[in-house]
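K.L.:
Handing over data_6.cif, mmCIF, C-alpha atoms.
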data_protein
loop_
_atom_site.label_atom_id
_atom_site.label_comp_id
_atom_site.auth_asym_id
_atom_site.auth_seq_id
_atom_site.Cartn_x
_atom_site.Cartn_y
_atom_site.Cartn_z
CA MET A 1 9.53 12.98 -10.71
CA GLY A 2 7.69 12.94 -7.38
CA GLN A 3 4.71 11.10 -8.86
CA PHE A 4 6.88 8.39 -10.39
CA GLY A 5 8.92 8.20 -7.18
CA ASN A 6 5.64 7.42 -5.42
CA VAL A 7 4.97 4.66 -7.96
CA VAL A 8 8.39 3.12 -7.29
CA PHE A 9 7.87 3.33 -3.53
CA ILE A 10 4.37 1.89 -3.38
CA VAL A 11 5.13 -0.99 -5.77
CA TRP A 12 8.33 -1.69 -3.82
CA ARG A 13 6.59 -1.75 -0.44
CA GLU A 14 3.53 -3.72 -1.55
CA SER A 15 5.68 -6.26 -3.41
CA ILE A 16 7.85 -6.86 -0.34
CA GLU A 17 4.75 -7.71 1.71
CA ALA A 18 3.59 -10.17 -0.95
CA LEU A 19 7.09 -11.67 -1.19
CA LEU A 20 7.21 -12.05 2.59
CA VAL A 21 4.00 -14.10 2.59
CA ILE A 22 5.15 -16.17 -0.40
CA GLY A 23 8.52 -16.76 1.28
CA ILE A 24 6.85 -18.02 4.47
CA LEU A 25 4.63 -20.37 2.47
CA GLN A 26 7.55 -21.60 0.37
CA ALA A 27 9.76 -22.27 3.40
CA TRP A 28 7.00 -24.13 5.22
CA LEU A 29 6.21 -26.30 2.20
CA GLY A 30 9.90 -27.15 1.94
CA GLN A 31 9.60 -28.91 5.30
CA ARG A 32 6.65 -31.04 4.25
CA GLY A 33 8.53 -33.73 2.37
CA GLU A 34 8.20 -34.62 -1.27
CA GLU A 35 4.47 -33.87 -1.49
CA GLY A 36 4.94 -30.39 -0.03
CA ARG A 37 7.83 -29.60 -2.34
CA THR A 38 6.00 -30.74 -5.46
CA ARG A 39 2.22 -30.66 -5.18
CA GLY A 40 2.09 -28.01 -2.47
CA ARG A 41 4.35 -25.62 -4.36
CA ALA A 42 2.36 -26.17 -7.54
CA PHE A 43 -0.73 -24.92 -5.70
CA LEU A 44 1.31 -22.07 -4.19
CA TRP A 45 2.45 -20.70 -7.55
CA ALA A 46 -0.96 -21.27 -9.09
CA GLY A 47 -2.35 -19.11 -6.26
CA VAL A 48 0.25 -16.42 -7.00
CA GLY A 49 -0.80 -16.44 -10.66
CA ALA A 50 -4.49 -16.22 -9.73
CA GLY A 51 -3.78 -13.27 -7.44
CA LEU A 52 -1.92 -11.43 -10.20
CA LEU A 53 -4.76 -12.08 -12.65
CA GLY A 54 -7.27 -10.75 -10.13
CA ALA A 55 -5.26 -7.54 -9.65
CA ALA A 56 -4.88 -7.13 -13.43
CA ALA A 57 -8.63 -7.62 -13.91
CA LEU A 58 -9.32 -4.92 -11.31
CA GLY A 59 -6.95 -2.55 -13.12
CA ALA A 60 -8.64 -3.20 -16.49
CA ALA A 61 -12.08 -2.64 -14.97
CA LEU A 62 -11.04 0.70 -13.44
CA ILE A 63 -9.54 1.91 -16.73
CA LEU A 64 -12.58 0.88 -18.78
CA PHE A 65 -14.98 2.47 -16.32
CA GLY A 66 -13.00 5.71 -16.16
CA ASP A 67 -12.88 5.99 -19.95
CA GLN A 68 -16.70 6.00 -20.13
CA LEU A 69 -17.01 9.18 -18.04
CA ASP A 70 -17.03 12.81 -19.14
CA ASP A 71 -14.38 15.22 -17.87
CA ASP A 72 -16.11 16.31 -14.64
CA ARG A 73 -17.18 12.80 -13.69
CA GLN A 74 -13.72 11.51 -14.59
CA GLN A 75 -12.11 14.02 -12.23
CA LEU A 76 -14.54 12.99 -9.50
CA PHE A 77 -13.78 9.32 -10.20
CA GLN A 78 -10.04 10.00 -9.96
CA THR A 79 -10.59 11.84 -6.69
CA LEU A 80 -12.58 8.92 -5.26
CA LEU A 81 -9.77 6.57 -6.27
CA MET A 82 -7.30 8.80 -4.40
CA LEU A 83 -9.49 8.60 -1.30
CA VAL A 84 -9.76 4.83 -1.60
CA ALA A 85 -6.00 4.52 -2.15
CA SER A 86 -5.31 6.68 0.90
CA GLY A 87 -7.66 4.55 2.99
CA LEU A 88 -6.09 1.31 1.76
CA ILE A 89 -2.60 2.54 2.60
CA VAL A 90 -3.71 3.45 6.13
CA GLN A 91 -5.46 0.10 6.50
CA MET A 92 -2.31 -1.72 5.40
CA VAL A 93 -0.17 0.13 7.94
CA VAL A 94 -2.64 -0.50 10.78
CA TRP A 95 -3.04 -4.16 9.83
CA MET A 96 0.72 -4.77 9.73
CA ARG A 97 1.16 -2.94 13.03
CA ARG A 98 -1.36 -5.26 14.69
CA HIS A 99 -0.66 -8.56 12.93
CA GLY A 100 2.96 -8.34 11.78
CA ARG A 101 4.34 -10.11 14.86
CA THR A 102 2.02 -13.08 14.48
CA LEU A 103 1.89 -13.21 10.66
CA LYS A 104 4.31 -16.13 10.34
CA ARG A 105 2.62 -18.14 13.11
CA ASP A 106 -0.88 -17.49 11.77
CA LEU A 107 0.11 -18.52 8.23
CA GLU A 108 1.82 -21.69 9.42
CA SER A 109 -1.23 -22.58 11.52
CA ALA A 110 -3.49 -22.23 8.49
CA LEU A 111 -1.04 -24.23 6.39
CA GLN A 112 -0.93 -27.00 8.98
CA GLN A 113 -4.70 -27.30 8.92
CA ALA A 114 -4.59 -27.57 5.12
CA ALA A 115 -1.86 -30.22 5.29
CA ASP A 116 -3.70 -32.25 7.93
CA THR A 117 -6.67 -32.59 5.60
CA SER A 118 -4.52 -32.92 2.45
CA ASN A 119 -6.31 -29.83 1.20
CA TRP A 120 -3.68 -28.05 -0.87
CA TRP A 121 -6.34 -25.65 -2.08
CA GLY A 122 -5.79 -23.90 1.27
CA VAL A 123 -2.25 -23.08 0.12
CA PHE A 124 -3.65 -21.82 -3.19
CA THR A 125 -6.16 -19.61 -1.36
CA LEU A 126 -3.60 -18.10 1.02
CA ALA A 127 -1.24 -17.25 -1.84
CA ALA A 128 -4.01 -15.89 -4.06
CA ILE A 129 -5.43 -13.67 -1.28
CA ALA A 130 -1.99 -12.33 -0.33
CA VAL A 131 -1.03 -11.42 -3.90
CA ALA A 132 -4.49 -10.14 -4.87
CA ARG A 133 -4.62 -7.96 -1.74
CA GLU A 134 -1.26 -6.32 -2.32
CA GLY A 135 -1.76 -6.18 -6.09
CA GLY A 136 -5.24 -4.71 -5.73
CA GLU A 137 -3.99 -1.98 -3.39
CA THR A 138 -1.22 -1.17 -5.86
CA VAL A 139 -3.68 -1.02 -8.78
CA VAL A 140 -6.01 1.35 -6.94
CA PHE A 141 -3.09 3.58 -5.97
CA LEU A 142 -1.77 3.69 -9.54
CA ALA A 143 -5.25 4.32 -10.95
CA GLY A 144 -5.78 7.21 -8.55
CA THR A 145 -2.46 8.93 -9.17
CA LEU A 146 -1.88 8.17 -12.86
CA SER A 147 -5.39 8.26 -14.27
CA ALA A 148 -4.64 11.46 -16.20
CA ALA A 149 -1.32 10.19 -17.56
CA HIS A 150 -0.95 9.45 -21.27
CA GLY A 151 1.73 8.48 -23.75
CA ALA A 152 5.26 8.94 -22.45
CA ALA A 153 3.97 9.44 -18.90
CA LEU A 154 2.36 5.98 -18.94
CA VAL A 155 5.59 4.45 -20.24
CA SER A 156 7.50 6.15 -17.42
CA ALA A 157 4.93 4.88 -14.93
CA GLY A 158 5.33 1.31 -16.23
CA LEU A 159 9.11 1.54 -15.98
CA SER A 160 8.76 2.96 -12.46
CA ALA A 161 6.54 0.02 -11.48
CA LEU A 162 9.08 -2.45 -12.86
CA ALA A 163 11.84 -0.63 -10.97
CA GLY A 164 9.80 -0.89 -7.78
CA LEU A 165 9.28 -4.61 -8.32
CA GLY A 166 13.00 -5.16 -8.96
CA LEU A 167 13.93 -3.18 -5.86
CA ALA A 168 11.45 -5.25 -3.84
CA VAL A 169 13.12 -8.51 -4.86
CA LEU A 170 16.57 -7.13 -4.04
CA SER A 171 15.37 -5.68 -0.73
CA TYR A 172 13.69 -8.95 0.23
CA LEU A 173 16.89 -10.89 -0.42
CA ALA A 174 18.96 -8.31 1.46
CA LEU A 175 16.63 -8.46 4.47
CA GLN A 176 16.75 -12.25 4.44
CA TRP A 177 20.55 -12.25 4.44
CA GLY A 178 21.14 -9.25 6.66
CA SER A 179 18.35 -9.49 9.23
CA ARG A 180 20.84 -8.90 12.04
CA ILE A 181 21.73 -5.49 10.59
CA LEU A 182 18.19 -4.36 9.79
CA SER A 183 15.32 -6.47 11.11
CA TRP A 184 11.97 -6.83 9.39
CA ARG A 185 10.41 -5.00 12.36
CA VAL A 186 12.64 -1.94 11.90
CA PHE A 187 12.11 -2.04 8.13
CA PHE A 188 8.33 -1.98 8.47
CA ARG A 189 8.46 0.79 11.08
CA ILE A 190 10.51 3.01 8.77
CA THR A 191 8.39 2.36 5.71
CA GLU A 192 5.10 2.75 7.57
CA VAL A 193 6.02 6.38 8.32
CA MET A 194 6.68 6.93 4.61
CA LEU A 195 3.38 5.26 3.74
CA LEU A 196 1.43 7.42 6.18
CA LEU A 197 3.01 10.55 4.69
CA LEU A 198 2.03 9.36 1.21
CA ALA A 199 -1.54 8.57 2.30
CA GLY A 200 -1.81 12.06 3.78
CA ALA A 201 -0.54 13.58 0.52
CA LEU A 202 -3.19 11.67 -1.46
CA LEU A 203 -5.89 12.79 0.97
CA LEU A 204 -4.89 16.45 0.67
CA THR A 205 -4.83 16.26 -3.13
CA ALA A 206 -8.28 14.64 -3.08
CA ALA A 207 -9.51 17.41 -0.78
CA ASP A 208 -8.17 20.05 -3.19
CA ASN A 209 -10.02 18.33 -6.04
CA LEU A 210 -13.26 18.23 -4.03
CA VAL A 211 -12.93 21.96 -3.36
CA ALA A 212 -12.38 22.61 -7.08
CA LEU A 213 -15.44 20.49 -7.92
CA GLY A 214 -17.58 22.32 -5.38
CA PHE A 215 -18.11 19.41 -2.97
CA LEU A 216 -16.08 21.06 -0.18
CA PRO A 217 -15.91 24.77 0.72
CA ARG A 218 -12.66 26.72 0.72
CA LEU A 219 -13.01 28.09 4.24
CA SER A 220 -10.42 30.85 3.96
CA GLY A 221 -7.78 32.45 1.83
CA ARG A 222 -4.16 31.47 2.21
CA LEU A 223 -3.30 31.33 5.92
CA TRP A 224 0.43 31.90 5.43
CA ASP A 225 3.08 31.78 2.73
CA ALA A 226 6.14 29.58 3.30
CA SER A 227 7.17 29.56 -0.36
CA GLY A 228 10.40 31.30 0.55
CA LEU A 229 11.27 28.37 2.80
CA LEU A 230 10.13 25.59 0.45
CA SER A 231 7.80 26.06 -2.49
CA ASP A 232 5.42 23.27 -3.50
CA GLY A 233 5.22 24.41 -7.10
CA GLY A 234 7.96 22.31 -8.68
CA GLY A 235 11.44 20.90 -8.40
CA ILE A 236 12.47 19.63 -4.98
CA GLY A 237 9.52 21.34 -3.30
CA GLY A 238 7.04 19.76 -5.72
CA MET A 239 8.55 16.33 -5.14
CA PHE A 240 8.43 16.84 -1.37
CA SER A 241 4.81 17.94 -1.65
CA SER A 242 3.78 14.85 -3.63
CA LEU A 243 5.50 12.60 -1.09
CA THR A 244 4.29 14.27 2.10
CA GLY A 245 1.37 16.59 1.30
CA TRP A 246 3.38 19.75 2.08
CA ARG A 247 1.51 22.98 1.27
CA ALA A 248 3.53 26.20 1.27
CA ARG A 249 0.35 28.36 1.16
CA PRO A 250 -2.42 26.33 2.82
CA ASP A 251 -6.00 27.44 3.28
CA LEU A 252 -8.17 26.52 6.25
CA THR A 253 -9.76 23.51 4.53
CA GLU A 254 -6.32 21.99 3.84
CA LEU A 255 -5.20 22.68 7.40
CA ILE A 256 -8.31 21.01 8.86
CA VAL A 257 -7.86 17.94 6.62
CA PHE A 258 -4.17 17.73 7.57
CA LEU A 259 -4.82 17.99 11.33
CA ALA A 260 -7.79 15.59 11.21
CA TYR A 261 -5.77 13.01 9.27
CA TRP A 262 -2.78 13.00 11.62
CA GLY A 263 -5.03 13.08 14.68
CA ALA A 264 -6.80 9.99 13.36
CA MET A 265 -3.46 8.27 12.66
CA VAL A 266 -2.21 8.88 16.20
CA TRP A 267 -5.46 7.49 17.59
CA LEU A 268 -5.47 4.42 15.31
CA LEU A 269 -1.84 3.49 15.93
CA TYR A 270 -1.50 4.27 19.62
CA ARG A 271 -4.90 3.68 21.15
CA PRO A 272 -4.91 0.97 23.86
CA GLN A 273 -5.83 -2.44 22.53
CA THR A 274 -8.67 -4.15 24.38
CA ALA A 275 -7.83 -7.66 25.50
CA SER A 276 -9.70 -10.30 23.55
CA ARG A 277 -11.82 -12.71 25.54
#
Starting from the coordinates I provided, produce the structure as structure tokens.
P.N.:
Amino acid sequence: MGQFGNVVFIVWRESIEALLVIGILQAWLGQRGEEGRTRGRAFLWAGVGAGLLGAAALGAALILFGDQLDDDRQQLFQTLLMLVASGLIVQMVVWMRRHGRTLKRDLESALQQAADTSNWWGVFTLAAIAVAREGGETVVFLAGTLSAAHGAALVSAGLSALAGLGLAVLSYLALQWGSRILSWRVFFRITEVMLLLLAGALLLTAADNLVALGFLPRLSGRLWDASGLLSDGGGIGGMFSSLTGWRARPDLTELIVFLAYWGAMVWLLYRPQTASR
């Protein structure tokens, strides 16, 4: 349940970012007269389609490559995908923290330059990059967490992804209509905490895999046992563990990874920004 909950969440959050960019482009083109509403939007939706195709091609390539590996190399490949997915989630949070306020202005500036030169390919490129970026991050995340899934589990994962996409559309519309109740800024602040917890969970799982494969040492036995408080073996505790990285009986390697990760997040998000010249 926790794994598929993660699928719903990540598809939901990534899709909302893509919808936000598409919405900004669509609204701006609507102000550009007949040419913007017809030719410009044709390039916009062609860019969306190209971005989706690019993300799908990445997913197919990852699946085909993984299928060629033996069991040990496949586990290592899955672990590397988890590390990449964790890094991409962190990068997304940091990027939105730094550029979220100016996203609309920056997009409209790029669109204006494209319109001034009658270069609607600029609209195509912006849409394709936005969708391919969010779609690619989603594909890497899904490949890292569901690479061992088969049969019914894959069907459940597909349904979870569709549920996440549907929730994203509904959430986007709700935020557009009710921005006075919950602003986009507050929404992204809340979800960025959830994303950072998820990235930390992926990192800890990857670290456990690297220990099992012999690439990292297990520096101690279990440091403590909090299973009586909340077990991470299944049920609610297992779901909480998959969402946050909770370990009821951590060893020293897991503790070091956990502390290093959150120390890095505090530094990345709250370090003073140098003024640009």
K.L.:
Do you know which residues are at most 10 Å from segment 225-230 of chain A counting all atoms listed in the file, after dropping those on the same chain fewer than 3 positions away, and could you put them as a PyMOL selection string?
P.N.:
chain A and resi 222+233-234+236-238+240-241+246-250
K.L.:
Check which residues satisfy the PyMOL selection byres ((chain A and resi 83) around 9) in the file shown, then give them as a PDB file with C-alpha atoms, in the coordinates of the input.
P.N.:
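Here's the written file part39.pdb:
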ATOM      1  CA  GLN A  78     -10.040  10.000  -9.960  1.00  0.00           C
ATOM      2  CA  THR A  79     -10.590  11.840  -6.690  1.00  0.00           C
ATOM      3  CA  LEU A  80     -12.580   8.920  -5.260  1.00  0.00           C
ATOM      4  CA  LEU A  81      -9.770   6.570  -6.270  1.00  0.00           C
ATOM      5  CA  MET A  82      -7.300   8.800  -4.400  1.00  0.00           C
ATOM      6  CA  VAL A  84      -9.760   4.830  -1.600  1.00  0.00           C
ATOM      7  CA  ALA A  85      -6.000   4.520  -2.150  1.00  0.00           C
ATOM      8  CA  SER A  86      -5.310   6.680   0.900  1.00  0.00           C
ATOM      9  CA  GLY A  87      -7.660   4.550   2.990  1.00  0.00           C
ATOM     10  CA  LEU A  88      -6.090   1.310   1.760  1.00  0.00           C
ATOM     11  CA  GLY A 144      -5.780   7.210  -8.550  1.00  0.00           C
ATOM     12  CA  ALA A 199      -1.540   8.570   2.300  1.00  0.00           C
ATOM     13  CA  LEU A 202      -3.190  11.670  -1.460  1.00  0.00           C
ATOM     14  CA  LEU A 203      -5.890  12.790   0.970  1.00  0.00           C
ATOM     15  CA  ALA A 206      -8.280  14.640  -3.080  1.00  0.00           C
ATOM     16  CA  ALA A 207      -9.510  17.410  -0.780  1.00  0.00           C
TER      17      ALA A 207
END
K.L.:
List every protein, DNA or RNA residue that has at least one atom no more than 12 Å from (7.3, -6.6, -2.7) in the file's coordinates, counting all atoms listed in the file, and write the result as a PyMOL selection string.
P.N.:
chain A and resi 8-23+130-131+134-135+138+161-173+175
K.L.:
By how many Å are atom CA of Gln113 of chain A and atom CA of Arg97 of chain A apart?
P.N.:
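Separation between atom CA of Gln113 of chain A and atom CA of Arg97 of chain A: 25.4 Å.
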K.L.:
Counting only C-alpha atoms, which residues of segment 64-140 of chain A fall within 7 Å of segment 49-57 of chain A, and what is the closest atom pair for each with its distance in Å at one decimal, ordered by chain and rising number, as JSON lines?
P.N.:
{"residue": "A:Ala128", "atom": "CA", "partner": "A:Gly51", "partner_atom": "CA", "distance": 4.3}
{"residue": "A:Ile129", "atom": "CA", "partner": "A:Gly51", "partner_atom": "CA", "distance": 6.4}
{"residue": "A:Val131", "atom": "CA", "partner": "A:Gly51", "partner_atom": "CA", "distance": 4.8}
{"residue": "A:Ala132", "atom": "CA", "partner": "A:Gly51", "partner_atom": "CA", "distance": 4.1}
{"residue": "A:Gly135", "atom": "CA", "partner": "A:Ala55", "partner_atom": "CA", "distance": 5.2}
{"residue": "A:Gly136", "atom": "CA", "partner": "A:Ala55", "partner_atom": "CA", "distance": 4.8}
{"residue": "A:Val139", "atom": "CA", "partner": "A:Ala55", "partner_atom": "CA", "distance": 6.8}
K.L.:
Report, in Å with one decimal, the straight-line distance from atom CA of Phe43 of chain A to atom CA of Phe124 of chain A.
P.N.:
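One can read the atom CA of Phe43 of chain A to atom CA of Phe124 of chain A distance as 4.9 Å.
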K.L.:
If the PyMOL selection byres ((chain A and resi 107) around 12) is run on the structure shown, which residues does it catch, given as a PyMOL selection string?
P.N.:
chain A and resi 20-29+99-106+108-114+122-123+125-127+130
K.L.:
Report as a list in words the full result of the PyMOL selection byres ((chain A and resi 209-214) around 8) when it is applied to this structure.
P.N.:
Asp72, Gln75, Leu76, Thr79, Thr205, Ala206, Ala207, Asp208, Phe215, Leu216, Pro217 and Arg218 of chain A
